[in-house]
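Student: Shown below is the structure under consideration.
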Amino acid sequence: MENLEAARLQMALTLIFHIVFACIGMVMPFFMVISHYKWLKTKDEIYLKLTKAWQKGVAIFFVTGAVSGTALSFELGLLWPGFMEHAGPIIGMPFSLEGAAFFVEAIALGFYLYGWNKLPEKFHWFTGVIIGISGVLSGILVVAANSWMNAPSGFDYKDGVFSNIDPIKAMLNEAWFTQALHMTLAAFVATGFAVAGIHAYQIYKGRNKPLHKKAFHIAISFAAVAAILQPISGDLSAKDIAERQPAKLAALEAHYETKKGVPLYIGGIVDEEKREVNYKIEIPNALSFLAFGDFDAEVKGLNDFPIEDQPPVAIVHYAFQIMVGIGTLLALAGLLYFLSAKWKHWRVKKRFWLFFTLLTPLGFIALEAGWIVTEVGRQPWIIHNVMRTKDAVTPMPGIFYSLITYSFIYVLLTFVVSWLMIRQINALNNEE
């Protein structure tokens with residue numbers, strides 16, 4: 001395997017694993033502090049048990065996210081020295097601030113885990129809030145660095161030299177807000193539906209229903225709101241991409257010919273040789289409207305870009321369709337949940353709980369598809385229109401062995417975390 005292929009595969013693999021750990025670590029503290037708040041207000045022992053169970057999950061995912069994130073940071077230097085040589089001084093600020101947020105989160109977690117019956121109740125609860133806020137800030141800062149790769153700014157580039165560096169302008173690049181908003185909402189959607197689905201399954205099986213119902217309602221409330229807001233965020237992201245990365249937009253829709261009044265494709269099979277999409281459903285003029293707010297707007301097709309500057313179309317198109325399809329389903333599921341508050345008899349039926357159980361993995365599938373859209377859709381650039389990925393990869397041999405090592409580490413972490421979480425769920429059920 002060539003170095004470039006091995007390096008890209010290793011980066012993809014580690015991001016696929018890390019993004020799950022990171023998103024759960026960002027969102028779970030909010031579920032924990034809501035349960036804790038309800039305990040303080042009601043003194044219902046079920047909320048106390050739930051809070052202490054969820055705090056163990058927060059601790060597990062904090063440690064796992066720290067391990068996987070540290071490994072990921074080493075990979076940037078190991079695999080992409082050409083990128084780090086130039087990008088390091090430009091996007092070092094969000095990474096250093098992310099490190100500060102991480103340390104605040106670690107300190108707050110220590111106070112929270114060991115503060116029971118030692119700290120004032122309100123202060124103890126507030127340390128949990130700090131865990132959640134600092135975790136979300138960490139995620140936003142990392143996304144700011146990634147968004148810079150899509151919208152490079154804060155420097156002058158001439159004859160291969162980066163000069164006049166402005167790290168604040170680089171961090172607050174044109175893409176950071178839309179990407180950070182979309183990613184944060186996606187984290188709440190994916191984690192919320194996953195946690196709600198796990199508890200819905202326990203309810204479906206009739207295990208410790210009082211506790212699992214309380215847990216379900218906390219998790220699904222966050223997930224439903226985020227899922228309903230996500231299409232708005234997606235629309236902002238699409239308009240941003242249309243302005244800055246027209247080749248990526250064309251790849252998302254497998255749109256080859258530059259036209260006005262371009263339809264939106266739903267589904268379809270991409271034929272990259274014939275440069276067409278078969279078996280798709282077309283919504284007339286919809287892509288022009290979604291991209292530019294004008295039903296007759298012109299949208300550039302892939303044929304207007306040099307072949308060497310075009311991203312892989314099929315994988316980007318399919319990933320985009322998966323992300324949008326699942327996102328739509330989860331938004332409808334969020335509406336269903338809120339409607340069930342009026343028609344409470346729905347919640348008595350087992351199929352209600354089975355439905356949410358089946359949704360458990362979908363948020364993370366959509367999350368992974370979204371990252372494929374973001375990262376693969378930027379190719380062949382590691383810094384959009386500035387540096388190609390092939391020019392940033394390490395010249396050192398043996399990256400294939402690094403790929404094998406990292407794959408083993410992440411698979412092992414996944415099994416360990418899964419085992420620990422199953423133990424926590426079983427322990428909750430045994431307390432019934």
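Chain labels run A, B, ... following the order of the structure tokens; each chain numbers its residues from 1, and ligands are numbered from 1 in the order shown.
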Enumerate, in order of chain and increasing residue number, the residues of segment 297-390 of chain A with an atom no farther than 7 Å from segment 202-220 of chain A, each with its shortest atom pair and distance in Å to one decimal, counting only C-alpha atoms, as CSV.
Tutor:
```
residue,atom,partner,partner_atom,distance
A:Lys350,CA,A:Tyr204,CA,6.0
A:Trp353,CA,A:Tyr204,CA,5.6
A:Leu354,CA,A:Tyr204,CA,6.4
```
Student: Residues within 10 Å of Phe400 of chain A, please, as a compact mmCIF listing (two decimals) with N, CA and C atoms, in the first residue's frame. Count only C-alpha atoms; anything in the same chain fewer than 4 positions from it doesn't count.
Tutor:
```txt
# COMPACT_ATOMS: atom_id res chain seq x y z
N MET A 1 0.85 -1.20 0.00
CA MET A 1 0.00 0.00 0.00
C MET A 1 0.88 1.24 0.00
N GLU A 2 0.56 2.20 -0.89
CA GLU A 2 1.31 3.44 -0.97
C GLU A 2 1.12 4.26 0.31
N ASN A 3 2.14 5.10 0.61
CA ASN A 3 2.08 5.93 1.82
C ASN A 3 0.82 6.79 1.87
N LEU A 4 0.46 7.41 0.75
CA LEU A 4 -0.70 8.30 0.73
C LEU A 4 -1.97 7.52 1.06
N GLU A 5 -2.14 6.37 0.46
CA GLU A 5 -3.33 5.56 0.72
C GLU A 5 -3.38 5.12 2.18
N ALA A 6 -2.22 4.64 2.70
CA ALA A 6 -2.17 4.17 4.09
C ALA A 6 -2.43 5.32 5.06
N ALA A 7 -1.85 6.49 4.78
CA ALA A 7 -2.02 7.64 5.67
C ALA A 7 -3.48 8.11 5.67
N LEU A 9 -6.11 6.32 4.92
CA LEU A 9 -6.94 5.28 5.55
C LEU A 9 -6.80 5.33 7.07
N GLN A 10 -5.57 5.53 7.56
CA GLN A 10 -5.35 5.61 9.00
C GLN A 10 -6.07 6.81 9.58
N ILE A 404 -1.86 -0.49 10.91
CA ILE A 404 -2.24 -1.72 11.62
C ILE A 404 -2.25 -1.49 13.13
N THR A 405 -1.22 -0.81 13.64
CA THR A 405 -1.12 -0.55 15.08
C THR A 405 -2.28 0.30 15.58
```
Student: For the contact check between segment 207-247 of chain A and segment 288-299 of chain A, emit one row per residue of segment 207-247 of chain A within 7 Å, containing the shortest atom pair and the distance in Å rounded to one decimal, counting only C-alpha atoms, chain then rising number order, as JSON lines.
Tutor:
```
{"residue": "A:Asp235", "atom": "CA", "partner": "A:Leu290", "partner_atom": "CA", "distance": 6.8}
{"residue": "A:Ala238", "atom": "CA", "partner": "A:Ala291", "partner_atom": "CA", "distance": 6.0}
{"residue": "A:Lys239", "atom": "CA", "partner": "A:Ala291", "partner_atom": "CA", "distance": 4.7}
{"residue": "A:Ala242", "atom": "CA", "partner": "A:Ala291", "partner_atom": "CA", "distance": 5.7}
```
Student: Restrict the selected residues to C-alpha atoms and save them as a short mmCIF file (atom, residue, chain, number, x, y, z; two decimals), in the first residue's frame.
Tutor:
```cif
data_model
loop_
_atom_site.label_atom_id
_atom_site.label_comp_id
_atom_site.auth_asym_id
_atom_site.auth_seq_id
_atom_site.Cartn_x
_atom_site.Cartn_y
_atom_site.Cartn_z
CA ASP A 235 -29.18 24.84 4.86
CA ALA A 238 -25.04 24.23 1.96
CA LYS A 239 -25.16 27.92 1.10
CA ALA A 242 -21.97 26.78 -2.64
#
```
Student: Running DSSP on the backbone, which parts of segment 3-190 of chain A land in helix (DSSP H, G or I), as a PyMOL selection string?
Tutor: chain A and resi 3-42+45-79+81-114+121-150+167-171+176-190
Student: Pick out the residues sitting within 6 Å of Asn285 of chain A, and hand them over as a list in words; count only C-alpha atoms, and ignore anything fewer than 5 positions along from it in its own chain.
Tutor: Gly261, Val262, Pro263 and Phe295 of chain A
Student: Please, could you write that set of residues out with all heavy atoms as a PDB file, in the first residue's frame?
Tutor:
```
ATOM      1  N   GLY A 261     -31.450  26.817 -12.809  1.00  0.00           N
ATOM      2  CA  GLY A 261     -32.641  26.082 -12.390  1.00  0.00           C
ATOM      3  C   GLY A 261     -32.364  24.603 -12.222  1.00  0.00           C
ATOM      4  O   GLY A 261     -33.065  23.745 -12.781  1.00  0.00           O
ATOM      5  N   VAL A 262     -31.340  24.275 -11.426  1.00  0.00           N
ATOM      6  CA  VAL A 262     -30.863  22.890 -11.309  1.00  0.00           C
ATOM      7  C   VAL A 262     -31.720  22.101 -10.313  1.00  0.00           C
ATOM      8  O   VAL A 262     -32.016  22.596  -9.220  1.00  0.00           O
ATOM      9  CB  VAL A 262     -29.385  22.878 -10.851  1.00  0.00           C
ATOM     10  CG1 VAL A 262     -28.881  21.446 -10.683  1.00  0.00           C
ATOM     11  CG2 VAL A 262     -28.531  23.637 -11.850  1.00  0.00           C
ATOM     12  N   PRO A 263     -32.108  20.872 -10.662  1.00  0.00           N
ATOM     13  CA  PRO A 263     -32.919  20.062  -9.745  1.00  0.00           C
ATOM     14  C   PRO A 263     -32.081  19.469  -8.612  1.00  0.00           C
ATOM     15  O   PRO A 263     -30.860  19.339  -8.732  1.00  0.00           O
ATOM     16  CB  PRO A 263     -33.472  18.953 -10.642  1.00  0.00           C
ATOM     17  CG  PRO A 263     -32.440  18.804 -11.713  1.00  0.00           C
ATOM     18  CD  PRO A 263     -31.907  20.191 -11.953  1.00  0.00           C
ATOM     19  N   PHE A 295     -34.589  30.135  -7.452  1.00  0.00           N
ATOM     20  CA  PHE A 295     -34.952  28.930  -8.204  1.00  0.00           C
ATOM     21  C   PHE A 295     -34.300  28.873  -9.583  1.00  0.00           C
ATOM     22  O   PHE A 295     -34.190  27.798 -10.173  1.00  0.00           O
ATOM     23  CB  PHE A 295     -36.474  28.838  -8.352  1.00  0.00           C
ATOM     24  CG  PHE A 295     -37.175  28.424  -7.088  1.00  0.00           C
ATOM     25  CD1 PHE A 295     -37.890  29.359  -6.337  1.00  0.00           C
ATOM     26  CD2 PHE A 295     -37.124  27.113  -6.634  1.00  0.00           C
ATOM     27  CE1 PHE A 295     -38.527  28.998  -5.160  1.00  0.00           C
ATOM     28  CE2 PHE A 295     -37.767  26.737  -5.455  1.00  0.00           C
ATOM     29  CZ  PHE A 295     -38.471  27.676  -4.713  1.00  0.00           C
TER      30      PHE A 295
END
```
